[in-house]
>>> print(open('work_39.pdb').read())   # PDB, C-alpha atoms
ATOM      1  CA  MET I 131      36.319  58.736 165.258  1.00  0.00           C
ATOM      2  CA  SER I 132      36.691  55.271 166.749  1.00  0.00           C
ATOM      3  CA  GLY I 133      39.517  56.486 169.000  1.00  0.00           C
ATOM      4  CA  ASP I 134      37.191  58.700 171.031  1.00  0.00           C
ATOM      5  CA  ARG I 135      36.673  56.228 173.886  1.00  0.00           C
ATOM      6  CA  GLU I 136      36.830  56.967 177.578  1.00  0.00           C
ATOM      7  CA  THR I 137      36.284  60.713 177.332  1.00  0.00           C
ATOM      8  CA  GLU I 138      36.029  62.673 180.562  1.00  0.00           C
ATOM      9  CA  THR I 139      32.703  64.208 181.570  1.00  0.00           C
ATOM     10  CA  PRO I 140      32.495  67.498 183.501  1.00  0.00           C
ATOM     11  CA  SER I 141      32.204  65.439 186.706  1.00  0.00           C
ATOM     12  CA  GLY I 142      35.475  63.610 185.896  1.00  0.00           C
ATOM     13  CA  THR I 143      34.059  60.150 185.153  1.00  0.00           C
ATOM     14  CA  SER I 144      34.835  58.348 181.901  1.00  0.00           C
ATOM     15  CA  CYS I 145      32.283  57.415 179.288  1.00  0.00           C
ATOM     16  CA  PRO I 146      32.942  54.014 177.682  1.00  0.00           C
ATOM     17  CA  LEU I 147      31.127  54.894 174.469  1.00  0.00           C
ATOM     18  CA  SER I 148      32.763  56.216 171.322  1.00  0.00           C
ATOM     19  CA  TYR I 149      31.255  58.442 168.648  1.00  0.00           C
ATOM     20  CA  PRO I 150      28.767  58.215 167.018  1.00  0.00           C
ATOM     21  CA  ASP I 151      27.279  55.858 169.640  1.00  0.00           C
ATOM     22  CA  LYS I 152      27.928  58.405 172.385  1.00  0.00           C
ATOM     23  CA  PHE I 153      25.961  61.036 170.436  1.00  0.00           C
ATOM     24  CA  TYR I 154      23.002  58.717 169.832  1.00  0.00           C
ATOM     25  CA  ALA I 155      23.001  57.667 173.492  1.00  0.00           C
ATOM     26  CA  ALA I 156      23.062  61.328 174.593  1.00  0.00           C
ATOM     27  CA  ARG I 157      20.220  62.100 172.209  1.00  0.00           C
ATOM     28  CA  LYS I 158      18.183  59.202 173.593  1.00  0.00           C
ATOM     29  CA  TYR I 159      18.988  60.253 177.168  1.00  0.00           C
ATOM     30  CA  MET I 160      17.706  63.767 176.496  1.00  0.00           C
ATOM     31  CA  ALA I 161      14.515  62.368 174.952  1.00  0.00           C
ATOM     32  CA  LEU I 162      13.963  60.283 178.103  1.00  0.00           C
ATOM     33  CA  GLU I 163      14.610  63.379 180.241  1.00  0.00           C
ATOM     34  CA  GLU I 164      12.125  65.615 178.439  1.00  0.00           C
ATOM     35  CA  GLY I 165      10.777  66.929 181.751  1.00  0.00           C
ATOM     36  CA  ARG I 166      14.192  68.494 182.456  1.00  0.00           C
ATOM     37  CA  SER I 167      14.087  72.267 182.533  1.00  0.00           C
ATOM     38  CA  LEU I 168      16.297  73.737 179.805  1.00  0.00           C
ATOM     39  CA  SER I 169      16.459  77.306 178.575  1.00  0.00           C
ATOM     40  CA  GLU I 170      14.997  78.041 175.160  1.00  0.00           C
ATOM     41  CA  GLU I 171      18.506  78.966 174.006  1.00  0.00           C
ATOM     42  CA  THR I 172      19.839  75.552 175.032  1.00  0.00           C
ATOM     43  CA  LYS I 173      16.896  73.752 173.408  1.00  0.00           C
ATOM     44  CA  LEU I 174      17.554  75.602 170.159  1.00  0.00           C
ATOM     45  CA  LEU I 175      21.274  74.834 170.319  1.00  0.00           C
ATOM     46  CA  LEU I 176      20.649  71.123 170.927  1.00  0.00           C
ATOM     47  CA  TYR I 177      18.081  71.074 168.118  1.00  0.00           C
ATOM     48  CA  ALA I 178      20.532  72.734 165.707  1.00  0.00           C
ATOM     49  CA  LEU I 179      23.435  70.466 166.687  1.00  0.00           C
ATOM     50  CA  ASP I 180      21.183  67.414 166.354  1.00  0.00           C
ATOM     51  CA  ARG I 181      20.117  68.452 162.855  1.00  0.00           C
ATOM     52  CA  GLN I 182      23.706  69.267 161.852  1.00  0.00           C
ATOM     53  CA  ALA I 183      24.926  65.907 163.154  1.00  0.00           C
ATOM     54  CA  THR I 184      22.183  63.874 161.491  1.00  0.00           C
ATOM     55  CA  ASP I 185      21.369  65.885 158.360  1.00  0.00           C
ATOM     56  CA  GLY I 186      24.477  67.983 157.744  1.00  0.00           C
ATOM     57  CA  PRO I 187      24.467  71.707 156.940  1.00  0.00           C
ATOM     58  CA  CYS I 188      21.063  73.368 156.651  1.00  0.00           C
ATOM     59  CA  ASP I 189      19.749  73.191 153.099  1.00  0.00           C
ATOM     60  CA  GLN I 190      16.100  73.799 153.976  1.00  0.00           C
ATOM     61  CA  PRO I 191      14.217  76.813 152.643  1.00  0.00           C
ATOM     62  CA  LYS I 192      13.736  79.624 155.135  1.00  0.00           C
ATOM     63  CA  PRO I 193      10.322  79.338 156.838  1.00  0.00           C
ATOM     64  CA  TRP I 194       7.791  82.141 156.726  1.00  0.00           C
ATOM     65  CA  GLY I 195       8.636  85.001 159.069  1.00  0.00           C
ATOM     66  CA  TRP I 196       5.445  84.764 161.101  1.00  0.00           C
ATOM     67  CA  ASN I 197       6.217  81.177 162.146  1.00  0.00           C
ATOM     68  CA  VAL I 198       8.419  82.250 165.045  1.00  0.00           C
ATOM     69  CA  VAL I 199       9.308  78.776 166.364  1.00  0.00           C
ATOM     70  CA  GLU I 200      10.260  77.312 162.979  1.00  0.00           C
ATOM     71  CA  ASN I 201      12.154  80.490 162.091  1.00  0.00           C
ATOM     72  CA  ALA I 202      14.179  80.295 165.350  1.00  0.00           C
ATOM     73  CA  LYS I 203      15.014  76.630 164.673  1.00  0.00           C
ATOM     74  CA  TYR I 204      16.031  77.437 161.114  1.00  0.00           C
ATOM     75  CA  GLN I 205      18.267  80.334 162.209  1.00  0.00           C
ATOM     76  CA  SER I 206      19.957  78.198 164.895  1.00  0.00           C
ATOM     77  CA  TRP I 207      20.706  75.400 162.450  1.00  0.00           C
ATOM     78  CA  LYS I 208      21.736  77.740 159.610  1.00  0.00           C
ATOM     79  CA  GLN I 209      24.229  79.554 161.890  1.00  0.00           C
ATOM     80  CA  LEU I 210      26.233  76.347 162.244  1.00  0.00           C
ATOM     81  CA  GLY I 211      27.253  76.734 158.600  1.00  0.00           C
ATOM     82  CA  ASP I 212      29.540  73.977 157.320  1.00  0.00           C
ATOM     83  CA  MET I 213      30.350  72.517 160.755  1.00  0.00           C
ATOM     84  CA  SER I 214      31.177  68.828 160.346  1.00  0.00           C
ATOM     85  CA  ARG I 215      28.767  66.177 161.566  1.00  0.00           C
ATOM     86  CA  ASN I 216      31.443  64.851 163.928  1.00  0.00           C
ATOM     87  CA  GLU I 217      31.986  68.253 165.528  1.00  0.00           C
ATOM     88  CA  ALA I 218      28.218  68.737 165.889  1.00  0.00           C
ATOM     89  CA  MET I 219      28.006  65.358 167.669  1.00  0.00           C
ATOM     90  CA  ARG I 220      30.784  66.318 170.075  1.00  0.00           C
ATOM     91  CA  LEU I 221      29.262  69.730 170.812  1.00  0.00           C
ATOM     92  CA  TYR I 222      25.833  68.164 171.368  1.00  0.00           C
ATOM     93  CA  VAL I 223      27.258  65.765 173.976  1.00  0.00           C
ATOM     94  CA  ARG I 224      29.351  68.494 175.626  1.00  0.00           C
ATOM     95  CA  THR I 225      26.370  70.870 175.800  1.00  0.00           C
ATOM     96  CA  MET I 226      24.152  68.140 177.222  1.00  0.00           C
ATOM     97  CA  GLU I 227      26.737  67.205 179.868  1.00  0.00           C
ATOM     98  CA  GLU I 228      27.190  70.859 180.857  1.00  0.00           C
ATOM     99  CA  GLU I 229      23.422  71.297 181.199  1.00  0.00           C
ATOM    100  CA  ILE I 230      22.849  68.223 183.334  1.00  0.00           C
ATOM    101  CA  GLY I 231      25.841  69.114 185.536  1.00  0.00           C
ATOM    102  CA  ASP I 232      26.323  66.779 188.499  1.00  0.00           C
ATOM    103  CA  ASP I 233      23.675  64.446 187.060  1.00  0.00           C
ATOM    104  CA  SER I 234      26.100  63.670 184.208  1.00  0.00           C
ATOM    105  CA  THR I 235      27.830  60.937 186.213  1.00  0.00           C
ATOM    106  CA  GLY I 236      26.970  57.737 184.379  1.00  0.00           C
ATOM    107  CA  TRP I 237      24.199  59.086 182.122  1.00  0.00           C
ATOM    108  CA  TRP I 238      25.331  56.578 179.508  1.00  0.00           C
ATOM    109  CA  SER I 239      25.126  53.572 181.829  1.00  0.00           C
ATOM    110  CA  SER I 240      21.397  52.940 181.675  1.00  0.00           C
ATOM    111  CA  ALA I 241      20.943  49.435 180.225  1.00  0.00           C
ATOM    112  CA  ASP I 242      17.641  50.458 178.651  1.00  0.00           C
ATOM    113  CA  LEU I 243      19.301  53.445 177.047  1.00  0.00           C
ATOM    114  CA  LEU I 244      22.136  51.486 175.482  1.00  0.00           C
ATOM    115  CA  SER I 245      20.246  48.350 174.453  1.00  0.00           C
ATOM    116  CA  SER I 246      17.282  50.165 172.936  1.00  0.00           C
ATOM    117  CA  ASP I 247      19.534  52.628 171.126  1.00  0.00           C
ATOM    118  CA  LEU I 248      21.268  49.982 169.047  1.00  0.00           C
ATOM    119  CA  ASN I 249      19.604  48.066 166.252  1.00  0.00           C
ATOM    120  CA  ALA I 250      20.190  44.378 165.470  1.00  0.00           C
ATOM    121  CA  GLY I 251      23.244  45.182 163.352  1.00  0.00           C
ATOM    122  CA  GLY I 252      24.962  46.899 166.282  1.00  0.00           C
ATOM    123  CA  GLU I 253      24.669  50.334 164.675  1.00  0.00           C
ATOM    124  CA  ALA I 254      23.090  53.223 166.468  1.00  0.00           C
ATOM    125  CA  GLN I 255      19.662  54.135 165.170  1.00  0.00           C
ATOM    126  CA  LYS I 256      19.735  57.368 163.239  1.00  0.00           C
ATOM    127  CA  THR I 257      16.065  58.339 163.154  1.00  0.00           C
ATOM    128  CA  HIS I 258      15.676  62.088 163.531  1.00  0.00           C
ATOM    129  CA  PRO I 259      13.186  63.175 166.234  1.00  0.00           C
ATOM    130  CA  ALA I 260      11.194  65.068 163.600  1.00  0.00           C
ATOM    131  CA  GLU I 261      10.503  61.777 161.813  1.00  0.00           C
ATOM    132  CA  ALA I 262       9.049  60.177 164.938  1.00  0.00           C
ATOM    133  CA  GLY I 263       6.591  62.936 165.871  1.00  0.00           C
ATOM    134  CA  GLU I 264       2.983  63.258 164.847  1.00  0.00           C
ATOM    135  CA  GLY I 265       3.234  66.499 162.908  1.00  0.00           C
ATOM    136  CA  THR I 266       5.486  68.137 165.485  1.00  0.00           C
ATOM    137  CA  VAL I 267       9.154  68.864 165.256  1.00  0.00           C
ATOM    138  CA  GLU I 268      11.020  68.159 168.456  1.00  0.00           C
ATOM    139  CA  ASP I 269      14.379  69.510 169.368  1.00  0.00           C
ATOM    140  CA  GLY I 270      17.311  67.249 170.148  1.00  0.00           C
ATOM    141  CA  ALA I 271      16.604  67.772 173.836  1.00  0.00           C
ATOM    142  CA  GLY I 272      13.369  65.795 173.673  1.00  0.00           C
ATOM    143  CA  GLY I 273      11.108  68.830 173.854  1.00  0.00           C
ATOM    144  CA  LYS I 274       9.668  71.254 171.404  1.00  0.00           C
ATOM    145  CA  ALA I 275      12.075  74.092 170.711  1.00  0.00           C
ATOM    146  CA  GLY I 276      10.486  77.436 171.282  1.00  0.00           C
ATOM    147  CA  ALA I 277       7.423  75.895 172.954  1.00  0.00           C
TER
END
>>> encode(input="work_39.pdb", output="structure tokens")
Amino acid sequence: MSGDRETETPSGTSCPLSYPDKFYAARKYMALEEGRSLSEETKLLLYALDRQATDGPCDQPKPWGWNVVENAKYQSWKQLGDMSRNEAMRLYVRTMEEEIGDDSTGWWSSADLLSSDLNAGGEAQKTHPAEAGEGTVEDGAGGKAGA
């Protein structure tokens, strides 16, 4: 995992971060860009990949059928099966970079993004967006999936 430095973005520029720091930076970037227009499908995919990367395979009980938003989130996460956390991190970053397109040049370079994403020990913070909300579950894209 530590050998994943200087990966090419869709625009051809290199990202200096390695995984998992690159994943946590991408996650933070998407939270800061919550006004960005993403399709519901993309929001669900980012939510599921975020959960897979941070929590592993879905082991949550299936929500009630009439809770459409929670059911969609559950189905998206559950469909990832036994995908590894590392692969989920890579797919999250790739999906994010594809969605932001030409804006992907240097997304990781924001000083605020990088400095606030690392704790005092130099490790990326691993708080799940659902833990930070006030009774709401946010997707990995910084918005509410299905909202």
>>> atom_distance(input="work_39.pdb", atom1="atom CA of I:Lys203", atom2="atom CA of I:Ala178")
6.8 Å
>>> atom_distance(input="work_39.pdb", atom1="atom CA of I:Gln190", atom2="atom CA of I:Glu229")
28.3 Å
>>> axis_aligned_box(input="work_39.pdb", around="stretch 167-184 of chain I", padding_each_side="5 Å", output="JSON")
{"center_x": 19.5, "center_y": 71.4, "center_z": 172.0, "size_x": 20.8, "size_y": 25.1, "size_z": 31.0}
>>> resolve_selection(input="work_39.pdb", expression="the PyMOL selection byres ((chain I and resi 188) around 12)", output="ChimeraX atom specification")
/I:178-187,189-192,203-215
>>> resolve_selection(input="work_39.pdb", expression="the PyMOL selection byres ((chain I and resi 156) around 8)", output="count of residues only")
12
>>> atom_distance(input="work_39.pdb", atom1="atom CA of I:Arg220", atom2="atom CA of I:Tyr149")
8.0 Å
